[in-house]
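Everything below concerns the one structure shown next.
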Amino acid sequence: MQNWDDDLNEIMARKMKDLAIQSSTSSSADTANSSNKVHIATPITLTDSNFAQAIDRYPLIVVDYWAPWCGPCRMVSPVIEQLANELGGKVVFGKLNVDENPVTSNAFGIQSIPTMAIFKNGKAVDGFVGAASKSQILSKISTYLGEQ
């Protein structure tokens, strides 16, 4: 079992390094406009291992709890991709596969998917259950955009 933990830690270290590289290759214009903000234009993959770190790292993060077999989750996925691209630098989007990450899903009481949760400064502040349109998701998120 110890080897499994070592392997998992190695994979997570690689993923975090990739994420750091991804965020450091943002355009210099974005970096100049936001000294403390990270510009991530695609949803990040969240796991039981990196969830707490990601929630603490990003001031505003929207978590999409999903599963590959979930039809409504697959409908919402392109919307999440679009919003991540449009709101990069303001909001970070993360996707957590509930089947592969039961510890985090259970800790937050996720019983239905898709579920979106909004975390601000490390704390869950809002969310909703079910497939939602782009405008509905944006409306929910926009409440927290001006407060950073």
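Letters A, B, ... go to the chains of the structure tokens in the order shown; residues in each chain start at 1; ligands are counted from 1 in the same order.
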Write out as a PDB file with N, CA and C atoms, in the first residue's frame the residues lying within 6 Å of range 129-144 of chain A, counting only C-alpha atoms and excluding same-chain residues fewer than 2 positions away.
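To be explicit, this is the file written out as part_24.pdb:
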```
ATOM      1  N   PRO A  72     -26.542  14.825 -18.107  1.00  0.00           N
ATOM      2  CA  PRO A  72     -26.578  16.258 -17.837  1.00  0.00           C
ATOM      3  C   PRO A  72     -25.175  16.847 -17.585  1.00  0.00           C
ATOM      4  N   VAL A  79     -20.175  24.186 -21.553  1.00  0.00           N
ATOM      5  CA  VAL A  79     -20.469  25.494 -20.973  1.00  0.00           C
ATOM      6  C   VAL A  79     -19.376  25.867 -19.976  1.00  0.00           C
ATOM      7  N   PRO A 114     -25.111  16.837 -12.167  1.00  0.00           N
ATOM      8  CA  PRO A 114     -24.020  17.726 -11.820  1.00  0.00           C
ATOM      9  C   PRO A 114     -24.372  18.647 -10.656  1.00  0.00           C
ATOM     10  N   THR A 115     -23.374  18.928  -9.858  1.00  0.00           N
ATOM     11  CA  THR A 115     -23.481  19.917  -8.789  1.00  0.00           C
ATOM     12  C   THR A 115     -22.357  20.909  -8.986  1.00  0.00           C
ATOM     13  N   GLY A 146     -17.228  40.743  -8.246  1.00  0.00           N
ATOM     14  CA  GLY A 146     -16.863  42.077  -7.809  1.00  0.00           C
ATOM     15  C   GLY A 146     -16.315  42.144  -6.398  1.00  0.00           C
ATOM     16  N   GLU A 147     -16.429  41.055  -5.647  1.00  0.00           N
ATOM     17  CA  GLU A 147     -16.054  41.071  -4.231  1.00  0.00           C
ATOM     18  C   GLU A 147     -14.600  40.702  -3.964  1.00  0.00           C
TER      19      GLU A 147
END
```
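All residues of range 53-109 of chain A that DSSP, run on the backbone, classes as alpha helix (DSSP H) are Gln53, Ala54, Ile55, Asp56, Arg57, Gly71, Pro72, Cys73, Arg74, Met75, Val76, Ser77, Pro78, Val79, Ile80, Glu81, Gln82, Leu83, Ala84, Asn85, Glu86, Pro102, Val103, Thr104, Ser105, Asn106 and Ala107 of chain A.
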Original post:
With only C-alpha atoms as the basis for distance, which of A:Gln111, A:Asn121, A:Ser77, A:Asn106 is at the shortest distance from Gly94 in chain A?
Top reply: A:Ser77
**OP:** Pick out the residues sitting within 9 Å of Leu145 in chain A, and hand them over as a ChimeraX atom specification; count only C-alpha atoms, and ignore anything fewer than 5 positions along from it in its own chain.
**Re:** /A:60,90-91
Just-selected residues, N, CA and C atoms written as a tab-separated table (two decimals), in the first residue's frame:
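As a result, again_24.tsv now contains:
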```tsv
chain	number	residue	atom	x	y	z
A	60	LEU	N	-11.26	32.55	-6.08
A	60	LEU	CA	-12.62	32.24	-6.52
A	60	LEU	C	-12.54	31.04	-7.46
A	90	LYS	N	-10.22	35.69	-13.67
A	90	LYS	CA	-11.19	36.16	-12.68
A	90	LYS	C	-11.71	35.01	-11.83
A	91	VAL	N	-11.94	33.87	-12.49
A	91	VAL	CA	-12.49	32.69	-11.83
A	91	VAL	C	-11.71	31.48	-12.35
```
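Restricting the calculation to only C-alpha atoms, the smallest distance between Ala54 in chain A and any of A:Phe108, A:Trp66, A:Phe128, A:Phe119 is found for A:Phe119.
The strand (DSSP E) portion of range 42-105 of chain A consists of A:Ile44, A:Thr45, A:Leu46, A:Leu60, A:Ile61, A:Val62, A:Val63, A:Asp64, A:Tyr65, A:Trp66, A:Val92, A:Phe93, A:Gly94, A:Lys95, A:Leu96, A:Asn97, with states taken from DSSP on the backbone.
Using only C-alpha atoms, the nearest neighbour of Asn101 in chain A within the list A:Ile40, A:Ile118, A:Tyr65, A:Gln53 is A:Tyr65.
Among the candidates A:Asp64, A:Glu100, A:Glu81, A:Glu86, the residue lying nearest to Ser49 in chain A is A:Glu100 (atoms considered: only C-alpha atoms).
Proximity ranking of A:Cys73, A:Ala117, A:Leu83, A:Ala52 relative to Asn97 in chain A places A:Cys73 first, based on only C-alpha atoms.
Pairwise distance (CA of Asp48 in chain A, CA of Ala107 in chain A) equals 10.1 Å.
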Subject >> Separation of CA of Ile55 in chain A from CA of Lys123 in chain A in Å >> reply: 7.7 Å
